[in-house]
Amino acid sequence: MTSADRDSPMPGDGSPTPPDPFTGEEGVFGRRFRWVTIGMFLLAMLAAFVVMAVRTVMPIVGRELHADGLYTFAFGGPLAVSVVGMVLAGVWSDRGNPRHALFAAVTLLTVGLTVTGCAPDMFFFVIGRLLHGLGGGAITVALYAIVARAYPPALHARVFAAFDAAWLLPSLVGPAVAGILAEAIGWRWVFLGAVALVVVAMLMIVPALGSVGEARESAAQSRGGLIGRIVWPALAAASVLALTLAAEAEGIVLWIVPVVATVVAFIAVRPLLPAGTLRVRRGLPSVVLMRGLVTGTFFAAEVYVPLLLVIRYEASAATAGLALTAAGVTWSVASWAQGRFPRITHRLAAQAGAFGLTLAVGLLLMTAVTGAGPVVVLIGWAFAGAGMGLIYPRLAVLTLEYSSPHNQGFNSSAVSIAESIGSAIVLTATSIVFSAFGGTASDTSFAAVFALTVVFCALAWVWGPRMLPARGSRSPLDSRSAT
């Protein structure tokens, strides 16, 4: 096997090459896969819309329900419990059938959205958000496992590109639609209306999931009993929640809580990730680690992009949002391109993705230091979206290539857990640095945050090559023992 074959984004499984990767008989929108692809796309788009909508309507919710101390928890709680949902869905998918895990997850999501939309006070609103987070985390893993079971490897990159593209429309119109609904008929219909979309999506998916088969859990994944399946995820969730709330603390607590929570997170997460992940072992462990690193770096920096535009350049919120929209568009376009053109290999996608993210963060740092115009911020963050569009779906594809049927659920949950934990750690680190250098009252604080994210980008350059086998060794598809 040549080096080009090892790096191919769509390794074959011996089946004939499809005449068209999208609409042919064996394409993602061909007769065989059409409805399951559309249904999963709708679920991914729904998840994206809810994320955008919550950010938009939460100030209204907080004012009407008297949020007080539960306001922050409404954001951090779902992120924390999603870790538990990811692990449980992974175990369920490996032991049985991922479609059953998907049905249960969608049920939890629907109940959560309903409780949130009907909440009489902030306590019930948070309960609904927790159920939503639990179901949402499980849905992500179940969908990954279904892709592995239902689609041939040649189509994996294109399916994950469709998942990424599902964020484009919500990124463009989600905040506006949520704001209009909240003002016209009330914020509750933002959540209750999403329930109807869930039902429509499931009506499309269910008939097409009959071919998704059962899988037996391997002995390697059945170890750990109750600790492996419940206690460790719960402890990891608690540490994530502590990290999300740490930025609200003051004084010595601001420094102690994140350190303790990070240590606990590392201890708790080890049984939930492939062996050697925290040691950056070559292959799947490095793929999982990169998922947490690049996603955390992107979203941590993105938090400060609109803030920089509003504080430094006195831009309106709508103008500042253009940077996020630009990144959403370039992410979707790059994601489509990496799944469409076979010449974009795993290695090229990883290198170009890291370059785009590094260039973007570097431009943000330059803007914070030199006072370059806001146009530089907009252009720079568009590069960040393009970089993520190239590398993010490939991390999912590589995860499945390194997996076998008995551990697809475990590995899919591992990359999702790494994303949640990594994002929480990087977000907390940047928040602490921002506060330490004066916050919004100081221009230095922005430079300090972007300098820190440059360091994380440097780690991506160092760790990235370890995602692929060394030259001359086996391909990812042949390296299923990596877990």
# chains A, B, ... in the order shown; residues from 1 in each chain; ligands from 1
$ residues_around --residues "Ala234 of chain A" --least-positions-apart "4" --cutoff "8 Å" --atoms "only C-alpha atoms" --output "PyMOL selection string"
chain A and resi 81+83-84+230+238
$ write_last_selection --atoms "N, CA, C and O atoms" --output "PDB file, in the first residue's frame"
ATOM      1  N   VAL A  81     -23.693  17.194  31.931  1.00  0.00           N
ATOM      2  CA  VAL A  81     -24.406  15.911  31.878  1.00  0.00           C
ATOM      3  C   VAL A  81     -24.321  15.271  30.504  1.00  0.00           C
ATOM      4  O   VAL A  81     -24.566  14.058  30.361  1.00  0.00           O
ATOM      5  N   VAL A  83     -21.734  14.533  29.007  1.00  0.00           N
ATOM      6  CA  VAL A  83     -20.669  13.535  29.097  1.00  0.00           C
ATOM      7  C   VAL A  83     -21.247  12.183  29.498  1.00  0.00           C
ATOM      8  O   VAL A  83     -20.880  11.142  28.940  1.00  0.00           O
ATOM      9  N   VAL A  84     -22.176  12.190  30.455  1.00  0.00           N
ATOM     10  CA  VAL A  84     -22.816  10.942  30.883  1.00  0.00           C
ATOM     11  C   VAL A  84     -23.616  10.351  29.725  1.00  0.00           C
ATOM     12  O   VAL A  84     -23.560   9.136  29.461  1.00  0.00           O
ATOM     13  N   ILE A 230     -20.850   4.252  35.030  1.00  0.00           N
ATOM     14  CA  ILE A 230     -21.630   5.280  35.699  1.00  0.00           C
ATOM     15  C   ILE A 230     -20.750   6.236  36.500  1.00  0.00           C
ATOM     16  O   ILE A 230     -20.815   7.451  36.334  1.00  0.00           O
ATOM     17  N   ALA A 238     -19.106  16.083  36.730  1.00  0.00           N
ATOM     18  CA  ALA A 238     -18.989  17.018  37.849  1.00  0.00           C
ATOM     19  C   ALA A 238     -17.790  17.946  37.666  1.00  0.00           C
ATOM     20  O   ALA A 238     -17.864  19.151  37.961  1.00  0.00           O
TER      21      ALA A 238
END
$ residues_around --residues "Val200 of chain A" --least-positions-apart "2" --cutoff "12 Å" --atoms "only C-alpha atoms" --output "PyMOL selection string"
chain A and resi 35-36+38-43+46+106+193-198+202-206
$ residues_around --residues "Phe298 of chain A" --least-positions-apart "5" --cutoff "9 Å" --atoms "only C-alpha atoms" --output "list in words"
Leu293, Val303, Leu357, Val361, Ala384, Gly385, Met388, Ser423 and Thr453 of chain A
$ write_last_selection --atoms "all heavy atoms" --output "PDB file, in the first residue's frame"
ATOM      1  N   LEU A 293      -8.530  19.336  21.623  1.00  0.00           N
ATOM      2  CA  LEU A 293      -7.625  20.481  21.542  1.00  0.00           C
ATOM      3  C   LEU A 293      -8.112  21.516  20.531  1.00  0.00           C
ATOM      4  O   LEU A 293      -8.241  22.705  20.857  1.00  0.00           O
ATOM      5  CB  LEU A 293      -6.214  20.010  21.172  1.00  0.00           C
ATOM      6  CG  LEU A 293      -5.155  21.105  21.012  1.00  0.00           C
ATOM      7  CD1 LEU A 293      -4.927  21.822  22.329  1.00  0.00           C
ATOM      8  CD2 LEU A 293      -3.848  20.524  20.482  1.00  0.00           C
ATOM      9  N   VAL A 303     -15.235  33.038  21.675  1.00  0.00           N
ATOM     10  CA  VAL A 303     -15.928  33.778  22.729  1.00  0.00           C
ATOM     11  C   VAL A 303     -15.491  35.241  22.757  1.00  0.00           C
ATOM     12  O   VAL A 303     -16.300  36.146  23.024  1.00  0.00           O
ATOM     13  CB  VAL A 303     -15.677  33.107  24.096  1.00  0.00           C
ATOM     14  CG1 VAL A 303     -16.113  34.020  25.236  1.00  0.00           C
ATOM     15  CG2 VAL A 303     -16.406  31.773  24.171  1.00  0.00           C
ATOM     16  N   LEU A 357      -6.507  27.607  11.484  1.00  0.00           N
ATOM     17  CA  LEU A 357      -6.787  28.009  12.865  1.00  0.00           C
ATOM     18  C   LEU A 357      -5.649  28.848  13.423  1.00  0.00           C
ATOM     19  O   LEU A 357      -5.876  29.862  14.100  1.00  0.00           O
ATOM     20  CB  LEU A 357      -7.009  26.764  13.725  1.00  0.00           C
ATOM     21  CG  LEU A 357      -7.462  26.994  15.169  1.00  0.00           C
ATOM     22  CD1 LEU A 357      -8.767  27.775  15.200  1.00  0.00           C
ATOM     23  CD2 LEU A 357      -7.629  25.657  15.893  1.00  0.00           C
ATOM     24  N   VAL A 361      -5.939  32.828  14.693  1.00  0.00           N
ATOM     25  CA  VAL A 361      -5.597  33.248  16.048  1.00  0.00           C
ATOM     26  C   VAL A 361      -4.435  34.244  16.006  1.00  0.00           C
ATOM     27  O   VAL A 361      -4.390  35.211  16.786  1.00  0.00           O
ATOM     28  CB  VAL A 361      -5.258  32.029  16.921  1.00  0.00           C
ATOM     29  CG1 VAL A 361      -4.752  32.471  18.288  1.00  0.00           C
ATOM     30  CG2 VAL A 361      -6.480  31.135  17.081  1.00  0.00           C
ATOM     31  N   ALA A 384     -10.384  30.743  10.430  1.00  0.00           N
ATOM     32  CA  ALA A 384     -10.573  29.765  11.506  1.00  0.00           C
ATOM     33  C   ALA A 384     -11.686  28.791  11.147  1.00  0.00           C
ATOM     34  O   ALA A 384     -11.563  27.576  11.352  1.00  0.00           O
ATOM     35  CB  ALA A 384     -10.903  30.480  12.817  1.00  0.00           C
ATOM     36  N   GLY A 385     -12.802  29.310  10.617  1.00  0.00           N
ATOM     37  CA  GLY A 385     -13.894  28.440  10.211  1.00  0.00           C
ATOM     38  C   GLY A 385     -13.467  27.474   9.127  1.00  0.00           C
ATOM     39  O   GLY A 385     -13.808  26.282   9.164  1.00  0.00           O
ATOM     40  N   MET A 388     -11.327  24.688  10.625  1.00  0.00           N
ATOM     41  CA  MET A 388     -12.132  23.708  11.353  1.00  0.00           C
ATOM     42  C   MET A 388     -12.964  22.856  10.396  1.00  0.00           C
ATOM     43  O   MET A 388     -13.170  21.663  10.629  1.00  0.00           O
ATOM     44  CB  MET A 388     -13.046  24.427  12.336  1.00  0.00           C
ATOM     45  CG  MET A 388     -12.319  25.046  13.514  1.00  0.00           C
ATOM     46  SD  MET A 388     -11.468  23.829  14.552  1.00  0.00           S
ATOM     47  CE  MET A 388     -12.870  22.943  15.249  1.00  0.00           C
ATOM     48  N   SER A 423     -12.956  21.482  25.666  1.00  0.00           N
ATOM     49  CA  SER A 423     -13.549  22.813  25.553  1.00  0.00           C
ATOM     50  C   SER A 423     -13.674  23.482  26.918  1.00  0.00           C
ATOM     51  O   SER A 423     -13.386  24.675  27.069  1.00  0.00           O
ATOM     52  CB  SER A 423     -14.924  22.725  24.890  1.00  0.00           C
ATOM     53  OG  SER A 423     -14.819  22.240  23.566  1.00  0.00           O
ATOM     54  N   THR A 453      -4.091  31.043  23.162  1.00  0.00           N
ATOM     55  CA  THR A 453      -4.636  30.162  22.133  1.00  0.00           C
ATOM     56  C   THR A 453      -3.607  29.855  21.046  1.00  0.00           C
ATOM     57  O   THR A 453      -3.670  28.798  20.411  1.00  0.00           O
ATOM     58  CB  THR A 453      -5.895  30.774  21.504  1.00  0.00           C
ATOM     59  OG1 THR A 453      -5.620  32.108  21.068  1.00  0.00           O
ATOM     60  CG2 THR A 453      -7.038  30.813  22.506  1.00  0.00           C
TER      61      THR A 453
END
$ residues_around --residues "Gln351 of chain A" --least-positions-apart "2" --cutoff "12 Å" --atoms "only C-alpha atoms" --output "list in words"
Ile344, Thr345, His346, Arg347, Leu348, Ala349, Gly353, Ala354, Phe355, Gly356, Leu357, Thr358, Gly387, Met388, Leu390, Ile391, Tyr392, Arg394, Cys457, Ala458, Ala460, Trp461, Val462, Trp463, Gly464, Pro465, Arg466, Met467 and Leu468 of chain A
$ closest_residue --among "A:Asn411, A:Thr277, A:Ser332, A:Thr370" --to "Leu398 of chain A" --atoms "only C-alpha atoms"
A:Asn411
$ atom_distance --atom1 "atom CA of Ser93 of chain A" --atom2 "atom CA of Trp331 of chain A"
29.2 Å
$ select_by_dssp --residues "segment 246-465 of chain A" --states "helix (DSSP H, G or I)" --output "number ranges by chain"
A: 246, 253-272, 277-279, 284-313, 317-340, 346-370, 374-401, 408-436, 439-441, 443-465
$ closest_residue --among "A:Pro342, A:Pro152, A:Pro98, A:Gly174" --to "Phe33 of chain A" --atoms "only C-alpha atoms"
A:Pro152
$ atom_distance --atom1 "atom CA of Ala327 of chain A" --atom2 "atom CA of Ala386 of chain A"
7.0 Å
$ residues_around --residues "Leu322 of chain A" --least-positions-apart "4" --cutoff "12 Å" --atoms "only C-alpha atoms" --output "list in words"
Ser171, Leu172, Val173, Val305, Pro306, Leu309, Val310, Ala315, Ser316, Ala317, Ala318, Ala326, Ala327, Gly328, Val329, Pro374, Val375, Val377, Leu378, Ile379, Trp381 and Ala382 of chain A
$ residues_around --residues "Cys118 of chain A" --least-positions-apart "6" --cutoff "10 Å" --atoms "only C-alpha atoms" --output "list in words"
Gly112, Phe124, Phe125, Gly128, Arg188, Trp189, Phe191 and Leu192 of chain A
$ residues_around --residues "segment 135-138 of chain A" --least-positions-apart "4" --cutoff "12 Å" --atoms "only C-alpha atoms" --output "VMD selection string"
chain A and resid 43 to 44 46 to 48 50 to 51 78 to 93 98 to 113 128 to 131 142 to 145 198 237 409 to 410 412 to 417 419 to 420
$ closest_residue --among "A:Asn97, A:Thr367, A:Thr140, A:Asn407" --to "Thr444 of chain A" --atoms "only C-alpha atoms"
A:Thr367
$ atom_distance --atom1 "atom CA of Ala242 of chain A" --atom2 "atom CA of Phe266 of chain A"
13.4 Å
$ closest_residue --among "A:Val263, A:Ala53, A:Ala154, A:Ala162" --to "Val190 of chain A" --atoms "only C-alpha atoms"
A:Ala53
$ closest_residue --among "A:Leu168, A:Met45, A:Leu278, A:Leu359" --to "Thr325 of chain A" --atoms "only C-alpha atoms"
A:Leu168
